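Input: a single structure, listed below in structure tokens.
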Amino acid sequence: SRSCVQPRPRFYPGPQMLTGAWTEYSNVPENYLKGCKWAPDGSCILTNSADNVLRVYNLPPEIYSYNWDSLPEMSPVLRMAEGDTIYDYCWYPKMNSLDADTCFLASSSRDNPVHVWDAFYGEVRASFRPYNHLDELTAAHSLCFSPDGTQLYCGFDKTVRIFYTDRPGRDCEERPTVVKKQGQGGIISCFGFSPCQTVYACGSYSRCAGLYSCQDGTLLALLPTRHHGGLTHLLFSPDGNYLYTGGRKDPEILCWDIRELSKVVFSLKRNVATNQRIYFDLDQSFTYLISGDTERVVSVWDTQTAPPDGNEALLQPELRFQAHWDCTNGVSIHPFMPLLATSSGQRQFPSPGESGGTRPLRAREGTPGCRLRRPDRTTP
């Protein structure tokens, strides 16, 4: 027999909380966060919340000097208010804070056009106006820039519309996902682009995902329907060979090998008991996948431990820790520093035991907020 010592995961023994933002979200009753995303250059964090305001937080300057022992609570440097519920939002992929022309993001909200916001001044820089077959303005349910930033993909019911970033207005390319009653039905709820091929993936509320050609939108493959709920998030691996998908009211994240789509490579268990979009992300080494859940827990899985025999397996997490006192819906890993941003909160419904059933049930201990953590004390 041979004994060996397995290396500890990067995240051992557990992340250390550095700072966060709570006060900002306590001024509006029943406000809570709905996600957070690092800017592509890592200079700031973008958050979405139930008050329909997008906020930008600069990375505290102490972070760059690794003076992480006592950071003050973060305050937003920008607030961008949408007119109604925000469906989706995304950074321009070539964003660089040293070049003001590249500092912008896109958002879509109910009964509104797609807005492009200036991430320096918080003003609307441009609008894209999608119309339906009745020539009525319709809101995009999902957004994603193409990797080169020249196009903005917008998801609708059985349709993807593509706008050119430098051409605001209503002109767009329309790509139906159902042709002659064949294809991917439902509202297109999330996008992902392969980093190595001219292929993009669409998730839909019909509980399936499809792979499409970037050139003309041809459906290349439709993944088997394995999810219990509509898809809310998907993510390609850096080599483009694997696609991770997760859904609402669905207990699993599934890993698919796009070279052989007939079966799932492995699944990751998490608690998702609501329709809320629960994000997941891959770390800088592209080894660890991280996700929050509706039970306040963040889980970390080593995706390299999948069994080599090809049989589907349920991967056990390398680490689980409580990140917040409420649903942890957002996780975003810094593009090059050992930092993890998380966000929390969920809609609180009236308690059945309360008279009249109209008084809202208060959130559990603690307040919703955005938190910044580092994976451990030793990672450089």
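Each chain of the structure tokens is named A, B, ... in the order shown, its residues numbered from 1; ligands are numbered from 1 in display order.
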Which residues are close to range 231-243 of chain A, i.e. within 6 Å by only C-alpha atoms, leaving aside same-chain residues fewer than 3 positions away? Reply as an NGL selection string.
:A and (189-190 or 192 or 194-196 or 203-205 or 207 or 246-247 or 255-258 or 277)
Please provide as number ranges by chain all residues within 8 Å of Asp88 in chain A, with the sequence filter that same-chain residues fewer than 2 positions apart are discarded (counting only C-alpha atoms).
A: 86, 90, 107-109, 141-143
Write a file of the selected residues as a CSV table (one decimal), in the first residue's frame, keeping all heavy atoms.
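What follows is the written file again31.csv:
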chain,number,residue,atom,x,y,z
A,86,ILE,N,-35.5,45.3,-12.4
A,86,ILE,CA,-34.4,45.0,-13.3
A,86,ILE,C,-34.3,43.5,-13.5
A,86,ILE,O,-34.2,42.7,-12.6
A,86,ILE,CB,-33.1,45.5,-12.6
A,86,ILE,CG1,-33.1,47.0,-12.5
A,86,ILE,CG2,-31.9,45.0,-13.5
A,86,ILE,CD1,-31.9,47.6,-11.7
A,90,CYS,N,-25.2,43.7,-17.2
A,90,CYS,CA,-23.9,43.1,-17.5
A,90,CYS,C,-22.9,44.2,-17.8
A,90,CYS,O,-23.3,45.2,-18.3
A,90,CYS,CB,-24.0,42.1,-18.7
A,90,CYS,SG,-24.7,42.8,-20.2
A,107,SER,N,-28.3,47.3,-18.9
A,107,SER,CA,-29.4,46.8,-18.0
A,107,SER,C,-30.7,46.8,-18.7
A,107,SER,O,-30.9,47.6,-19.6
A,107,SER,CB,-29.5,47.6,-16.7
A,107,SER,OG,-29.9,48.9,-17.0
A,108,SER,N,-31.5,45.9,-18.3
A,108,SER,CA,-32.9,45.8,-18.8
A,108,SER,C,-33.9,45.7,-17.7
A,108,SER,O,-33.6,45.0,-16.7
A,108,SER,CB,-33.0,44.5,-19.7
A,108,SER,OG,-34.3,44.3,-20.2
A,109,SER,N,-35.0,46.4,-17.8
A,109,SER,CA,-36.0,46.4,-16.8
A,109,SER,C,-37.4,46.4,-17.4
A,109,SER,O,-37.5,46.7,-18.6
A,109,SER,CB,-35.8,47.7,-15.9
A,109,SER,OG,-36.1,48.9,-16.6
A,141,HIS,N,-35.4,39.9,-21.2
A,141,HIS,CA,-35.3,39.2,-19.9
A,141,HIS,C,-33.9,38.8,-19.6
A,141,HIS,O,-33.6,38.5,-18.4
A,141,HIS,CB,-36.2,37.9,-20.0
A,141,HIS,CG,-37.6,38.2,-20.0
A,141,HIS,ND1,-38.4,38.2,-18.9
A,141,HIS,CD2,-38.5,38.5,-21.0
A,141,HIS,CE1,-39.7,38.5,-19.2
A,141,HIS,NE2,-39.8,38.6,-20.5
A,142,SER,N,-33.0,38.9,-20.5
A,142,SER,CA,-31.6,38.6,-20.3
A,142,SER,C,-30.7,39.4,-21.2
A,142,SER,O,-31.1,39.8,-22.3
A,142,SER,CB,-31.3,37.1,-20.4
A,142,SER,OG,-31.8,36.6,-21.7
A,143,LEU,N,-29.4,39.6,-20.8
A,143,LEU,CA,-28.5,40.4,-21.6
A,143,LEU,C,-27.1,39.8,-21.5
A,143,LEU,O,-26.7,39.2,-20.5
A,143,LEU,CB,-28.4,41.8,-21.0
A,143,LEU,CG,-29.6,42.7,-21.0
A,143,LEU,CD1,-29.3,44.0,-20.2
A,143,LEU,CD2,-30.1,43.1,-22.4
Of the candidates A:Asp281, A:Leu223, A:Arg110, A:Gly229, which one gets nearest to Ser262 in chain A if we count only C-alpha atoms?
A:Leu223
Taking 2 positions as the minimum chain separation for residues in the same chain, which residues sit within 9 Å of Asp171 in chain A when counting only C-alpha atoms? Answer as JSON, numbers by chain.
{"A": [128, 129, 130, 162, 163, 164, 167, 168, 169, 173]}
Give me the residues near range 224-228 of chain A as a list in words, where near means some atom within 9 Å (using only C-alpha atoms) and where sequence neighbours in that chain fewer than 4 positions away do not count.
Ser206, Arg207, Cys208, Ala209, Thr245, Gly246, Gly247, Arg248, Lys249, Asp250, Pro251, Glu252, Ile253, Leu254, Leu261, Ser262, Lys263 and Val264 of chain A
Pull C-alpha atoms from the residues just selected and write them as a tab-separated table (two decimals), in the first residue's frame.
chain	number	residue	atom	x	y	z
A	206	SER	CA	-38.50	25.79	-20.55
A	207	ARG	CA	-35.83	23.99	-18.45
A	208	CYS	CA	-33.33	23.38	-21.24
A	209	ALA	CA	-30.26	24.92	-22.87
A	245	THR	CA	-26.18	25.10	-15.91
A	246	GLY	CA	-28.38	25.94	-12.91
A	247	GLY	CA	-32.08	26.63	-12.52
A	248	ARG	CA	-34.72	28.06	-10.22
A	249	LYS	CA	-36.36	25.78	-7.66
A	250	ASP	CA	-33.75	23.27	-8.74
A	251	PRO	CA	-31.37	21.43	-6.37
A	252	GLU	CA	-28.50	20.88	-8.83
A	253	ILE	CA	-25.89	22.54	-10.97
A	254	LEU	CA	-25.21	20.21	-13.93
A	261	LEU	CA	-24.31	16.05	-24.80
A	262	SER	CA	-26.29	12.84	-24.27
A	263	LYS	CA	-25.44	12.68	-20.57
A	264	VAL	CA	-24.41	14.79	-17.60
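For the atom pair formed by CA of Phe145 in chain A and CA of Tyr200 in chain A, the distance is 11.0 Å, given to one decimal.
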